[in-house]
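The structure file model.txt is reproduced below (compact mmCIF, N, CA and C atoms).
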```txt
# COMPACT_ATOMS: atom_id res chain seq x y z
N MET A 1 43.01 34.54 -95.53
CA MET A 1 44.18 35.38 -95.30
C MET A 1 45.36 34.55 -94.80
N GLU A 2 45.08 33.56 -94.01
CA GLU A 2 46.13 32.71 -93.48
C GLU A 2 46.92 32.05 -94.61
N ASN A 3 46.21 31.60 -95.63
CA ASN A 3 46.86 30.98 -96.78
C ASN A 3 47.76 31.98 -97.50
N ARG A 4 47.30 33.23 -97.61
CA ARG A 4 48.10 34.27 -98.27
C ARG A 4 49.39 34.50 -97.49
N ASP A 5 49.29 34.54 -96.17
CA ASP A 5 50.50 34.72 -95.35
C ASP A 5 51.49 33.59 -95.59
N ARG A 6 50.98 32.37 -95.67
CA ARG A 6 51.84 31.21 -95.91
C ARG A 6 52.49 31.30 -97.29
N GLU A 7 51.69 31.68 -98.30
CA GLU A 7 52.23 31.83 -99.65
C GLU A 7 53.30 32.92 -99.69
N PHE A 8 53.03 34.04 -99.00
CA PHE A 8 53.99 35.14 -98.98
C PHE A 8 55.29 34.71 -98.32
N MET A 9 55.20 34.02 -97.19
CA MET A 9 56.41 33.60 -96.49
C MET A 9 57.21 32.60 -97.33
N GLU A 10 56.53 31.73 -98.04
CA GLU A 10 57.22 30.80 -98.94
C GLU A 10 57.95 31.56 -100.04
N ALA A 11 57.26 32.52 -100.64
CA ALA A 11 57.86 33.33 -101.70
C ALA A 11 59.04 34.14 -101.17
N LEU A 12 58.89 34.69 -99.98
CA LEU A 12 59.95 35.49 -99.39
C LEU A 12 61.19 34.63 -99.13
N SER A 13 60.99 33.39 -98.74
CA SER A 13 62.13 32.51 -98.50
C SER A 13 62.88 32.21 -99.80
N LYS A 14 62.19 32.31 -100.93
CA LYS A 14 62.83 32.06 -102.22
C LYS A 14 63.63 33.25 -102.71
N THR A 15 63.20 34.47 -102.35
CA THR A 15 63.91 35.66 -102.81
C THR A 15 64.88 36.19 -101.76
N GLY A 16 64.47 36.11 -100.50
CA GLY A 16 65.29 36.67 -99.42
C GLY A 16 65.26 38.19 -99.39
N ASN A 17 64.40 38.78 -100.20
CA ASN A 17 64.37 40.24 -100.30
C ASN A 17 62.91 40.67 -100.47
N SER A 18 62.35 41.27 -99.44
CA SER A 18 60.93 41.62 -99.49
C SER A 18 60.63 42.68 -100.54
N SER A 19 61.52 43.62 -100.75
CA SER A 19 61.29 44.66 -101.77
C SER A 19 61.24 44.05 -103.16
N LEU A 20 62.14 43.14 -103.44
CA LEU A 20 62.15 42.45 -104.72
C LEU A 20 60.86 41.66 -104.91
N LEU A 21 60.46 40.94 -103.89
CA LEU A 21 59.25 40.13 -103.97
C LEU A 21 58.03 41.00 -104.23
N VAL A 22 57.91 42.10 -103.51
CA VAL A 22 56.77 43.01 -103.70
C VAL A 22 56.73 43.53 -105.12
N ASN A 23 57.88 43.87 -105.68
CA ASN A 23 57.92 44.37 -107.06
C ASN A 23 57.52 43.30 -108.06
N VAL A 24 57.98 42.08 -107.87
CA VAL A 24 57.63 40.99 -108.79
C VAL A 24 56.13 40.73 -108.73
N ILE A 25 55.59 40.63 -107.53
CA ILE A 25 54.17 40.33 -107.36
C ILE A 25 53.31 41.49 -107.86
N ALA A 26 53.70 42.72 -107.57
CA ALA A 26 52.94 43.89 -108.03
C ALA A 26 52.90 43.96 -109.55
N THR A 27 54.02 43.66 -110.18
CA THR A 27 54.06 43.65 -111.65
C THR A 27 53.10 42.61 -112.21
N ARG A 28 53.10 41.43 -111.62
CA ARG A 28 52.21 40.38 -112.11
C ARG A 28 50.74 40.72 -111.84
N VAL A 29 50.45 41.32 -110.69
CA VAL A 29 49.07 41.72 -110.37
C VAL A 29 48.58 42.73 -111.41
N ARG A 30 49.42 43.70 -111.78
CA ARG A 30 49.04 44.67 -112.82
C ARG A 30 48.76 43.96 -114.14
N GLN A 31 49.60 43.00 -114.49
CA GLN A 31 49.38 42.26 -115.73
C GLN A 31 48.04 41.53 -115.71
N LEU A 32 47.72 40.91 -114.59
CA LEU A 32 46.45 40.19 -114.46
C LEU A 32 45.27 41.15 -114.54
N PHE A 33 45.37 42.29 -113.89
CA PHE A 33 44.29 43.29 -113.96
C PHE A 33 44.09 43.79 -115.38
N ARG A 34 45.17 43.83 -116.14
CA ARG A 34 45.08 44.32 -117.52
C ARG A 34 44.66 43.24 -118.51
N GLY A 35 44.35 42.05 -118.00
CA GLY A 35 43.80 41.02 -118.87
C GLY A 35 44.70 39.83 -119.15
N ALA A 36 45.89 39.80 -118.59
CA ALA A 36 46.75 38.63 -118.81
C ALA A 36 46.08 37.39 -118.23
N ARG A 37 46.29 36.28 -118.88
CA ARG A 37 45.69 35.03 -118.40
C ARG A 37 46.53 34.47 -117.25
N PRO A 38 45.85 33.97 -116.23
CA PRO A 38 46.59 33.30 -115.14
C PRO A 38 47.34 32.08 -115.68
N LEU A 39 48.46 31.78 -115.08
CA LEU A 39 49.27 30.64 -115.48
C LEU A 39 48.94 29.41 -114.64
N LEU A 40 47.87 29.49 -113.86
CA LEU A 40 47.41 28.38 -113.03
C LEU A 40 46.20 27.73 -113.69
N GLU A 41 46.03 26.46 -113.45
CA GLU A 41 44.86 25.77 -114.00
C GLU A 41 43.59 26.16 -113.27
N LYS A 42 43.65 26.27 -111.94
CA LYS A 42 42.46 26.60 -111.15
C LYS A 42 42.69 27.89 -110.40
N THR A 43 41.81 28.85 -110.64
CA THR A 43 41.90 30.14 -109.96
C THR A 43 40.58 30.51 -109.30
N ASP A 44 39.66 29.56 -109.23
CA ASP A 44 38.34 29.84 -108.66
C ASP A 44 38.44 30.44 -107.27
N GLY A 45 37.85 31.62 -107.11
CA GLY A 45 37.78 32.26 -105.81
C GLY A 45 39.07 32.90 -105.33
N LEU A 46 40.12 32.89 -106.14
CA LEU A 46 41.38 33.50 -105.72
C LEU A 46 41.44 34.95 -106.17
N ALA A 47 41.94 35.80 -105.30
CA ALA A 47 42.20 37.19 -105.65
C ALA A 47 43.46 37.23 -106.52
N VAL A 48 43.62 38.29 -107.30
CA VAL A 48 44.77 38.37 -108.20
C VAL A 48 46.09 38.29 -107.45
N ILE A 49 46.16 38.85 -106.26
CA ILE A 49 47.42 38.76 -105.50
C ILE A 49 47.73 37.32 -105.13
N ASP A 50 46.69 36.54 -104.81
CA ASP A 50 46.90 35.13 -104.48
C ASP A 50 47.33 34.34 -105.70
N ILE A 51 46.77 34.69 -106.85
CA ILE A 51 47.19 34.04 -108.11
C ILE A 51 48.66 34.33 -108.37
N ALA A 52 49.06 35.59 -108.23
CA ALA A 52 50.45 35.98 -108.48
C ALA A 52 51.40 35.27 -107.52
N LEU A 53 51.04 35.19 -106.25
CA LEU A 53 51.89 34.51 -105.27
C LEU A 53 52.02 33.02 -105.60
N LYS A 54 50.91 32.39 -105.95
CA LYS A 54 50.95 30.96 -106.30
C LYS A 54 51.80 30.74 -107.55
N GLU A 55 51.64 31.62 -108.54
CA GLU A 55 52.44 31.49 -109.77
C GLU A 55 53.93 31.58 -109.44
N PHE A 56 54.28 32.51 -108.58
CA PHE A 56 55.69 32.67 -108.20
C PHE A 56 56.19 31.43 -107.46
N ASN A 57 55.42 30.97 -106.49
CA ASN A 57 55.85 29.82 -105.69
C ASN A 57 55.94 28.54 -106.51
N GLU A 58 55.14 28.44 -107.54
CA GLU A 58 55.19 27.26 -108.41
C GLU A 58 56.23 27.40 -109.53
N GLY A 59 56.93 28.52 -109.55
CA GLY A 59 57.97 28.72 -110.56
C GLY A 59 57.45 29.11 -111.92
N ARG A 60 56.21 29.55 -112.00
CA ARG A 60 55.62 29.93 -113.29
C ARG A 60 55.98 31.36 -113.68
N ILE A 61 56.33 32.18 -112.69
CA ILE A 61 56.87 33.51 -112.94
C ILE A 61 58.11 33.65 -112.08
N GLY A 62 58.95 34.59 -112.42
CA GLY A 62 60.18 34.78 -111.66
C GLY A 62 60.75 36.15 -111.94
N TYR A 63 62.03 36.28 -111.78
CA TYR A 63 62.70 37.54 -111.99
C TYR A 63 64.14 37.25 -112.42
N ARG A 64 64.73 38.23 -113.05
CA ARG A 64 66.14 38.19 -113.40
C ARG A 64 66.83 39.36 -112.76
N SER A 65 67.99 39.13 -112.22
CA SER A 65 68.74 40.25 -111.65
C SER A 65 69.36 41.06 -112.79
N ARG A 66 69.79 42.23 -112.49
CA ARG A 66 70.42 43.07 -113.52
C ARG A 66 71.66 42.40 -114.11
N HIS A 67 72.31 41.59 -113.31
CA HIS A 67 73.51 40.91 -113.77
C HIS A 67 73.19 39.81 -114.78
N GLU A 68 71.95 39.29 -114.71
CA GLU A 68 71.54 38.24 -115.65
C GLU A 68 70.96 38.80 -116.92
N ALA A 69 70.46 40.03 -116.89
CA ALA A 69 69.75 40.63 -118.04
C ALA A 69 70.65 40.93 -119.19
```
Could I get this file's structure written as structure tokens?
Amino acid sequence: MENRDREFMEALSKTGNSSLLVNVIATRVRQLFRGARPLLEKTDGLAVIDIALKEFNEGRIGYRSRHEA
């Protein structure tokens, strides 16, 4: 759990918006539950939320603001 907290805080520092971060991570978690392949090489023993947080922190997933879309 400690690692998850660290990953979350790192991700939060990148977005500056907890609501936005929760939406990005929740969307990716749903995708993973529905069968999407992880974008990480090693996922052994990681929960889907941890995979989504790591993907975000490594820049493998992200978001676009409405102004960019």
(request) Identify, with DSSP run on backbone atoms, the residues in chain A assigned to helix (DSSP H, G or I), and express the list as a PyMOL selection string. (result) chain A and resi 2-15+18-33+48-57
(request) Find the residues around region 28-31 of chain A up to 8 Å (all atoms listed in the file counted), leave out those fewer than 4 positions away in its own chain, and share them as an NGL selection string. (result) :A and (22-24 or 35-38 or 48-53)
(request) Mind giving me the straight-line distance from CA of Leu46 (chain A) to CA of Ser65 (chain A) in Å, one decimal? (result)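 CA of Leu46 (chain A) sits 28.8 Å away from CA of Ser65 (chain A).
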(request) Record the distance separating atom C of Leu40 (chain A) and atom C of Gly16 (chain A), expressed in Å with one decimal. (result) 26.0 Å
(request) Mind checking which residues fall within 8 Å of Asn57 (chain A), counting only N, CA and C atoms, ignoring those fewer than 6 positions away in the same chain, and posting them as a PyMOL selection string? (result) chain A and resi 7+10-11+51
(request) Record the distance separating atom C of Lys54 (chain A) and CA of Lys14 (chain A), expressed in Å with one decimal. (result)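 Going from atom C of Lys54 (chain A) over to CA of Lys14 (chain A), I get 12.3 Å.
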